[in-house]
Amino acid sequence: MSISIKLTGGLHREMVTDLARPHPFAAERAGFAFGRVGSLSNESKVILLCLYHSIPDNQYVDDPTVGARIGSEAITWAMQAVYYGRPGREGIFHVHMHPHGGRTGMSGVDRRELPRLMPGFQAVGRDAAHGIIILSLDHGAGWVWLPGSKEPVAASTVSVIGKPLRVFEKGVGR
Amino acid sequence: MSRERFSRQSFLGRDSEERIARCTVGVAGLGGGGSHIIQQLAHIGFQRYVVYDGDVVEESNLNRLVGARSVDVPAQTPKLHIARMMIYGLQPNASVRGCAGRWQDNPEPLRECQIVFGCVDSYQGRHELEVACRRYLMHYIDIGMDVHGGAPPVIGGQVILSSAGSLCMRCMGFLTEAKLAEEAARYGGAGARPQVVWPNGVLASTAVGLAVDIVTNWTRRALPYAYLVYDGNQGTVKESATLRNLKITACPHFSNSDVGDPVLLEL
Amino acid sequence: MEYPKEQIEELKTYCSKVRAATEGEITYLYLEELRLPAGCTPEVCDGLLCPVARDGYPSRLFLSVQVSPPYPRNWNVSNARIGEKNWYVFSWKVNLVSPTLAQMLVAHLTGFTKEK
């Protein structure tokens with residue numbers, strides 16, 4: 001069983017443009033993307049992202065020990081979005097960007113902090129998949145918690161369906 | 001594979017070979033148009049294929065089915081086999097998922113694609129492919145040809161690119177309720193329509209050219225959608241006149257959030 | 001697109017559940033375990049009511065199987081793909097003026113019972 005992620009070129013551009021903007025005090029930005037699950041062969045799944053929400057500047061917490069920390073208002077917004085997304089089984093994905101080229105992955109802080117969001121998202125939107133997406137300047141990676149799963153599955157590919165078409169493969173890339 | 005293999009297409013970009021190899025392409029219909037497309041994709045270096053056709057080679061196919069031989073008729077060689085041999089003959093390490101039937105009866109493999117070529121006979125078939133491509137986020141490239149009229153006959157055809165977030169075949173004026181209704185009234189059957197190899201070649205080449213541009217971006221031009229019309233009598237391929245008078249800038253027919261497996265809402 | 005609640009409730013008298021399925025611009029009504037007229041085989045199947053114009057018909061009732069009715073019908077669309085499922089429909093035009101959903105459904109089901 002494997003999981004892949006797809007998003008349109010337009011959505012990718014929207015995310016990258018937003019995440020690249022400087023923030024008054026945070027070193028990085030974060031946002032939330034929304035997506036739905038598609039079924040593939042052999043019980044594999046594809047996550048199809050359809051929307052992006054930029055976290056407003058004033059919803060960050062000034063914490064110099066991490067790249068970016070979002071505040072309770074941002075989390076509350078996210079939980080409400082998951083709640084309203086329940087009829088369509090729409091899940092939420094925390095998105096941020098690492099400012100380098102090539103393959104990217106979760107930093108130590110990411111690994112410590114981001115998975116903590118998932119149980120809350122799963123409790124509210126239990127029929128949806130949720131997760132984490134990290135972009136680099138020219139690559140991308142994702143981790144997906146399928147409904148009911150305590151552990152994530154690393155996406156085998158992240159495909160940007162635009163022009164140029166980009167297929168970011170797990171473990172492949174300079 | 002040696003560097004020499006793709007040395008003549010280096011203008012596509014330094015990493016074009018890898019980008020092409022990483023892409024999964026779907027081809028629905030391996031007849032006159034689809035067989036051309038398969039041949040060209042294999043030559044260029046595409047490695048990952050999902051292909052559909054349940055038919056076998058018939059006598060009337062030999063005037064246009066690329067890769068088919070006379071012996072394939074008595075042998076009742078599946079068109080899927082012709083496609084596989086074409087691909088593996090040029091790309092021995094390719095991955096080919098072949099489905100002997102309609103994609104609608106085995107849709108899951110198609111959803112793994114990033115680009116789908118529609119080489120089907122009916123407007124309804126095209127519509128269904130486009131819906132699937134919007135739902136599972138795949139570029140959809142449609143080709144088709146027709147011969148109509150009397151003296152002399154008129155050869156026409158189209159190559160259309162429809163991608164999520166941009167204009168669809170209805171927006172571009174190709175798919176209309178009138179065409180779908182007229183086809184339904186004919187009991188959906190396209191019938192045995194005239195088909196010849198060289199228009200299929202023009203259309204397939206144009207379609208593959210679009211795909212390579214999408215993957216490599218070698219032209220550096222924006223390509224949110226395309227509707228190219230082939231005039232087989234004049235020997236031209238031009239942008240459809242319907243695009244010139246287009247008043248739509250955003251597609252009203254598909255919602256960006258209508259993706260993934262359908263969810264039925266209880267009422 | 002939303003349909004009046006009372007009309008949805010009325011539809012439920014013909015099937016076990018009514019659900020909405022949107023594809024493109026159309027919201028179809030998924031009728032689970034729709035009871036078919038006497039003489040049809042099977043007696044029950046899932047239905048998909050399209051209450052708006054499509055394919056040159058003012059409305060259409062798609063079925064999950066190709067039903068064997070008492071009289072032969074022209075199944076002019078077999079394997080229409082809607083909502084990631086394959087559906088069957090026979091040629092039957094319902095020309096009613098502003099029908100309720102149930103009236104529309106009944107008019108389509110009547111298509112099984114008419115000799116011509």
# chains A, B, ... in the order shown; residues from 1 in each chain; ligands from 1
>>> interface_residues(of="chain B", to="chain A", cutoff="9 Å", atoms="only C-alpha atoms", output="PyMOL selection string")
chain B and resi 19+22-23+107-112+114-115+135-139+163-165+213-218+220-224+256-265
>>> write_last_selection(atoms="C-alpha atoms", output="mmCIF file, in the first residue's frame")
data_model
loop_
_atom_site.group_PDB
_atom_site.id
_atom_site.type_symbol
_atom_site.label_atom_id
_atom_site.label_comp_id
_atom_site.auth_asym_id
_atom_site.auth_seq_id
_atom_site.Cartn_x
_atom_site.Cartn_y
_atom_site.Cartn_z
ATOM 1 C CA ARG B 19 11.322 14.319 -15.827
ATOM 2 C CA ARG B 22 9.207 9.966 -13.834
ATOM 3 C CA CYS B 23 5.865 10.779 -15.388
ATOM 4 C CA PRO B 107 -10.489 2.928 -13.175
ATOM 5 C CA GLU B 108 -8.022 2.743 -10.297
ATOM 6 C CA PRO B 109 -4.797 2.358 -12.345
ATOM 7 C CA LEU B 110 -5.685 5.387 -14.468
ATOM 8 C CA ARG B 111 -5.765 7.588 -11.376
ATOM 9 C CA GLU B 112 -2.044 7.063 -10.851
ATOM 10 C CA GLN B 114 -0.279 12.600 -14.331
ATOM 11 C CA ILE B 115 -1.221 12.825 -18.010
ATOM 12 C CA ARG B 135 -11.517 14.400 -10.096
ATOM 13 C CA TYR B 136 -8.118 12.719 -9.779
ATOM 14 C CA LEU B 137 -5.998 15.651 -11.005
ATOM 15 C CA MET B 138 -4.565 14.560 -14.322
ATOM 16 C CA HIS B 139 -3.865 16.599 -17.426
ATOM 17 C CA SER B 163 -6.414 20.615 -16.978
ATOM 18 C CA ALA B 164 -7.803 21.088 -13.494
ATOM 19 C CA GLY B 165 -8.109 24.716 -12.558
ATOM 20 C CA ASP B 213 5.988 20.595 -23.367
ATOM 21 C CA ILE B 214 3.948 20.096 -20.193
ATOM 22 C CA VAL B 215 6.578 17.805 -18.705
ATOM 23 C CA THR B 216 9.709 19.671 -19.766
ATOM 24 C CA ASN B 217 8.408 23.215 -20.255
ATOM 25 C CA TRP B 218 10.865 23.548 -23.118
ATOM 26 C CA ARG B 220 8.517 28.247 -21.600
ATOM 27 C CA ARG B 221 5.047 29.342 -22.628
ATOM 28 C CA ALA B 222 2.000 29.222 -20.422
ATOM 29 C CA LEU B 223 -0.355 26.432 -21.457
ATOM 30 C CA PRO B 224 -3.390 26.332 -19.200
ATOM 31 C CA ASN B 256 -11.800 22.751 -7.507
ATOM 32 C CA SER B 257 -13.083 20.942 -4.441
ATOM 33 C CA ASP B 258 -14.805 18.179 -6.420
ATOM 34 C CA VAL B 259 -11.794 15.871 -6.170
ATOM 35 C CA GLY B 260 -11.217 12.421 -4.801
ATOM 36 C CA ASP B 261 -13.617 9.568 -4.382
ATOM 37 C CA PRO B 262 -17.200 10.819 -4.556
ATOM 38 C CA VAL B 263 -18.825 11.384 -1.206
ATOM 39 C CA LEU B 264 -22.552 10.856 -1.041
ATOM 40 C CA LEU B 265 -24.312 13.231 1.324
#
>>> residues_around(residues="stretch 52-61 of chain A", least_positions_apart="3", cutoff="12 Å", atoms="only C-alpha atoms", output="number ranges by chain")
A: 7-8, 10-35, 49, 64-78, 81, 91-96, 133; B: 256-257
>>> atom_distance(atom1="atom CA of B:Thr242", atom2="atom CA of B:Ala132")
24.2 Å
>>> closest_atom_pairs(of="chain C", to="chain A", cutoff="12 Å", atoms="only C-alpha atoms", output="CSV")
residue,atom,partner,partner_atom,distance
C:Arg19,CA,A:Pro87,CA,11.9
C:Ala20,CA,A:Pro87,CA,11.2
C:Ala21,CA,A:Gly88,CA,10.6
C:Thr22,CA,A:Gly88,CA,10.9
C:Glu84,CA,A:Ser39,CA,10.7
>>> closest_residue(among="C:Trp92, C:Leu105, C:Glu9, C:Tyr28", to="C:Val52", atoms="only C-alpha atoms")
C:Tyr28
>>> select_by_dssp(residues="stretch 8-222 of chain B", states="alpha helix (DSSP H)", output="NGL selection string")
:B and (16-22 or 32-44 or 79-90 or 123-135 or 177-185 or 197-216)
>>> closest_atom_pairs(of="chain B", to="chain C", cutoff="10 Å", atoms="only C-alpha atoms", output="JSON lines")
{"residue": "B:Gln104", "atom": "CA", "partner": "C:Arg81", "partner_atom": "CA", "distance": 7.1}
{"residue": "B:Asp105", "atom": "CA", "partner": "C:Asn86", "partner_atom": "CA", "distance": 8.0}
{"residue": "B:Pro107", "atom": "CA", "partner": "C:Glu84", "partner_atom": "CA", "distance": 8.3}
{"residue": "B:Gln124", "atom": "CA", "partner": "C:Ala80", "partner_atom": "CA", "distance": 8.0}
{"residue": "B:Gly125", "atom": "CA", "partner": "C:Ala80", "partner_atom": "CA", "distance": 8.6}
{"residue": "B:His127", "atom": "CA", "partner": "C:Arg81", "partner_atom": "CA", "distance": 9.3}
{"residue": "B:Glu128", "atom": "CA", "partner": "C:Arg81", "partner_atom": "CA", "distance": 6.2}
{"residue": "B:Leu129", "atom": "CA", "partner": "C:Arg81", "partner_atom": "CA", "distance": 9.2}
{"residue": "B:Val131", "atom": "CA", "partner": "C:Gly24", "partner_atom": "CA", "distance": 7.6}
{"residue": "B:Ala132", "atom": "CA", "partner": "C:Glu84", "partner_atom": "CA", "distance": 7.8}
{"residue": "B:Arg134", "atom": "CA", "partner": "C:Gly24", "partner_atom": "CA", "distance": 9.4}
{"residue": "B:Arg135", "atom": "CA", "partner": "C:Glu23", "partner_atom": "CA", "distance": 9.1}
{"residue": "B:Thr176", "atom": "CA", "partner": "C:Asp55", "partner_atom": "CA", "distance": 9.4}
{"residue": "B:Glu177", "atom": "CA", "partner": "C:Asp55", "partner_atom": "CA", "distance": 6.1}
{"residue": "B:Ala178", "atom": "CA", "partner": "C:Gly56", "partner_atom": "CA", "distance": 7.0}
{"residue": "B:Lys179", "atom": "CA", "partner": "C:Asp55", "partner_atom": "CA", "distance": 8.3}
{"residue": "B:Leu180", "atom": "CA", "partner": "C:Asp55", "partner_atom": "CA", "distance": 5.2}
{"residue": "B:Ala181", "atom": "CA", "partner": "C:Asp55", "partner_atom": "CA", "distance": 4.0}
{"residue": "B:Glu182", "atom": "CA", "partner": "C:Gly56", "partner_atom": "CA", "distance": 7.4}
{"residue": "B:Glu183", "atom": "CA", "partner": "C:Asp55", "partner_atom": "CA", "distance": 8.1}
{"residue": "B:Ala184", "atom": "CA", "partner": "C:Asp55", "partner_atom": "CA", "distance": 6.3}
{"residue": "B:Ala185", "atom": "CA", "partner": "C:Asn76", "partner_atom": "CA", "distance": 7.5}
{"residue": "B:Arg186", "atom": "CA", "partner": "C:Asn76", "partner_atom": "CA", "distance": 7.7}
{"residue": "B:Tyr187", "atom": "CA", "partner": "C:Asn76", "partner_atom": "CA", "distance": 4.2}
{"residue": "B:Gly188", "atom": "CA", "partner": "C:Asn76", "partner_atom": "CA", "distance": 6.2}
{"residue": "B:Gly189", "atom": "CA", "partner": "C:Asn76", "partner_atom": "CA", "distance": 8.7}
{"residue": "B:Pro252", "atom": "CA", "partner": "C:Glu25", "partner_atom": "CA", "distance": 7.8}
{"residue": "B:His253", "atom": "CA", "partner": "C:Gly24", "partner_atom": "CA", "distance": 5.3}
{"residue": "B:Phe254", "atom": "CA", "partner": "C:Gly24", "partner_atom": "CA", "distance": 4.7}
{"residue": "B:Ser255", "atom": "CA", "partner": "C:Gly24", "partner_atom": "CA", "distance": 6.9}
{"residue": "B:Asp258", "atom": "CA", "partner": "C:Glu23", "partner_atom": "CA", "distance": 7.3}
{"residue": "B:Val259", "atom": "CA", "partner": "C:Glu23", "partner_atom": "CA", "distance": 9.7}
{"residue": "B:Gly260", "atom": "CA", "partner": "C:Glu84", "partner_atom": "CA", "distance": 9.9}
{"residue": "B:Asp261", "atom": "CA", "partner": "C:Glu84", "partner_atom": "CA", "distance": 7.4}
{"residue": "B:Pro262", "atom": "CA", "partner": "C:Gly83", "partner_atom": "CA", "distance": 5.9}
{"residue": "B:Val263", "atom": "CA", "partner": "C:Ala21", "partner_atom": "CA", "distance": 6.9}
{"residue": "B:Leu264", "atom": "CA", "partner": "C:Ala21", "partner_atom": "CA", "distance": 5.2}
{"residue": "B:Leu265", "atom": "CA", "partner": "C:Ala20", "partner_atom": "CA", "distance": 5.1}
{"residue": "B:Glu266", "atom": "CA", "partner": "C:Arg19", "partner_atom": "CA", "distance": 4.3}
{"residue": "B:Leu267", "atom": "CA", "partner": "C:Arg19", "partner_atom": "CA", "distance": 5.2}
>>> atom_distance(atom1="atom CA of C:Pro99", atom2="atom CA of C:Pro51")
9.6 Å
>>> residues_around(residues="stretch 55-68 of chain B", least_positions_apart="6", cutoff="9 Å", atoms="only C-alpha atoms", output="JSON list (two decimals) with N, CA and C atoms, in the first residue's frame")
[["chain", "number", "residue", "atom", "x", "y", "z"],
["B", 30, "LEU", "N", -6.35, 2.14, -27.84],
["B", 30, "LEU", "CA", -5.06, 1.85, -28.49],
["B", 30, "LEU", "C", -5.29, 1.58, -29.99],
["B", 31, "GLY", "N", -6.23, 2.31, -30.55],
["B", 31, "GLY", "CA", -6.52, 2.15, -31.97],
["B", 31, "GLY", "C", -5.64, 3.06, -32.82],
["B", 32, "GLY", "N", -6.26, 3.64, -33.84],
["B", 32, "GLY", "CA", -5.49, 4.44, -34.78],
["B", 32, "GLY", "C", -4.74, 5.60, -34.13],
["B", 33, "GLY", "N", -5.40, 6.32, -33.26],
["B", 33, "GLY", "CA", -4.76, 7.44, -32.60],
["B", 33, "GLY", "C", -3.86, 6.99, -31.45],
["B", 34, "GLY", "N", -4.38, 6.12, -30.62],
["B", 34, "GLY", "CA", -3.63, 5.67, -29.45],
["B", 34, "GLY", "C", -2.35, 4.95, -29.80],
["B", 35, "SER", "N", -2.36, 4.16, -30.87],
["B", 35, "SER", "CA", -1.15, 3.41, -31.24],
["B", 35, "SER", "C", -0.03, 4.35, -31.70],
["B", 36, "HIS", "N", -0.42, 5.43, -32.35],
["B", 36, "HIS", "CA", 0.57, 6.46, -32.74],
["B", 36, "HIS", "C", 1.17, 7.09, -31.50],
["B", 38, "ILE", "N", 1.35, 5.93, -28.46],
["B", 38, "ILE", "CA", 2.21, 4.98, -27.75],
["B", 38, "ILE", "C", 3.60, 4.94, -28.39],
["B", 39, "GLN", "N", 3.64, 4.86, -29.69],
["B", 39, "GLN", "CA", 4.92, 4.79, -30.39],
["B", 39, "GLN", "C", 5.78, 6.01, -30.08],
["B", 74, "PRO", "N", -5.38, -12.87, -38.31],
["B", 74, "PRO", "CA", -5.78, -14.26, -37.99],
["B", 74, "PRO", "C", -5.41, -14.65, -36.57],
["B", 75, "ALA", "N", -4.35, -14.06, -36.05],
["B", 75, "ALA", "CA", -3.91, -14.39, -34.69],
["B", 75, "ALA", "C", -4.79, -13.73, -33.64],
["B", 76, "GLN", "N", -5.63, -12.80, -34.08],
["B", 76, "GLN", "CA", -6.49, -12.04, -33.16],
["B", 76, "GLN", "C", -5.66, -11.45, -32.02],
["B", 77, "THR", "N", -4.56, -10.81, -32.40],
["B", 77, "THR", "CA", -3.67, -10.21, -31.41],
["B", 77, "THR", "C", -4.37, -9.06, -30.71],
["B", 78, "PRO", "N", -4.38, -9.07, -29.39],
["B", 78, "PRO", "CA", -4.97, -7.92, -28.69],
["B", 78, "PRO", "C", -4.19, -6.63, -28.99],
["B", 79, "LYS", "N", -4.90, -5.55, -29.11],
["B", 79, "LYS", "CA", -4.25, -4.25, -29.33],
["B", 79, "LYS", "C", -3.34, -3.91, -28.15],
["B", 80, "LEU", "N", -3.71, -4.41, -26.99],
["B", 80, "LEU", "CA", -2.88, -4.22, -25.81],
["B", 80, "LEU", "C", -1.49, -4.83, -26.03],
["B", 81, "HIS", "N", -1.47, -5.99, -26.67],
["B", 81, "HIS", "CA", -0.20, -6.66, -26.93],
["B", 81, "HIS", "C", 0.63, -5.85, -27.91],
["B", 82, "ILE", "N", -0.02, -5.30, -28.93],
["B", 82, "ILE", "CA", 0.69, -4.45, -29.91],
["B", 82, "ILE", "C", 1.36, -3.29, -29.18],
["B", 83, "ALA", "N", 0.60, -2.67, -28.27],
["B", 83, "ALA", "CA", 1.12, -1.52, -27.53],
["B", 83, "ALA", "C", 2.30, -1.93, -26.65],
["B", 85, "MET", "N", 4.35, -4.45, -27.01],
["B", 85, "MET", "CA", 5.54, -4.76, -27.82],
["B", 85, "MET", "C", 6.20, -3.47, -28.31],
["B", 86, "MET", "N", 5.40, -2.50, -28.67],
["B", 86, "MET", "CA", 5.95, -1.23, -29.13],
["B", 86, "MET", "C", 6.75, -0.58, -28.01],
["B", 100, "ALA", "N", -7.15, -4.95, -20.36],
["B", 100, "ALA", "CA", -7.88, -5.40, -21.55],
["B", 100, "ALA", "C", -9.35, -5.12, -21.38],
["B", 101, "GLY", "N", -9.71, -3.89, -21.57],
["B", 101, "GLY", "CA", -11.11, -3.53, -21.40],
["B", 101, "GLY", "C", -11.24, -2.03, -21.31],
["B", 195, "GLN", "N", -11.50, 6.31, -41.00],
["B", 195, "GLN", "CA", -10.28, 6.60, -40.25],
["B", 195, "GLN", "C", -9.10, 6.27, -41.14],
["B", 196, "VAL", "N", -8.13, 7.19, -41.19],
["B", 196, "VAL", "CA", -6.92, 6.91, -41.97],
["B", 196, "VAL", "C", -5.69, 7.32, -41.17],
["B", 197, "VAL", "N", -4.55, 6.78, -41.59],
["B", 197, "VAL", "CA", -3.37, 6.86, -40.73],
["B", 197, "VAL", "C", -2.76, 8.27, -40.64],
["B", 198, "TRP", "N", -2.75, 9.01, -41.73],
["B", 198, "TRP", "CA", -1.97, 10.24, -41.64],
["B", 198, "TRP", "C", -2.60, 11.34, -40.78],
["B", 200, "ASN", "N", -4.39, 10.73, -38.16],
["B", 200, "ASN", "CA", -4.10, 10.22, -36.82],
["B", 200, "ASN", "C", -2.68, 10.57, -36.42]]
>>> closest_residue(among="B:Gly13, B:Gly29, B:Pro92, B:Gly118", to="B:Gly54", atoms="only C-alpha atoms")
B:Gly29
>>> closest_residue(among="B:Tyr123, B:Tyr88, B:Tyr225, B:Phe117", to="B:Ile143", atoms="only C-alpha atoms")
B:Phe117
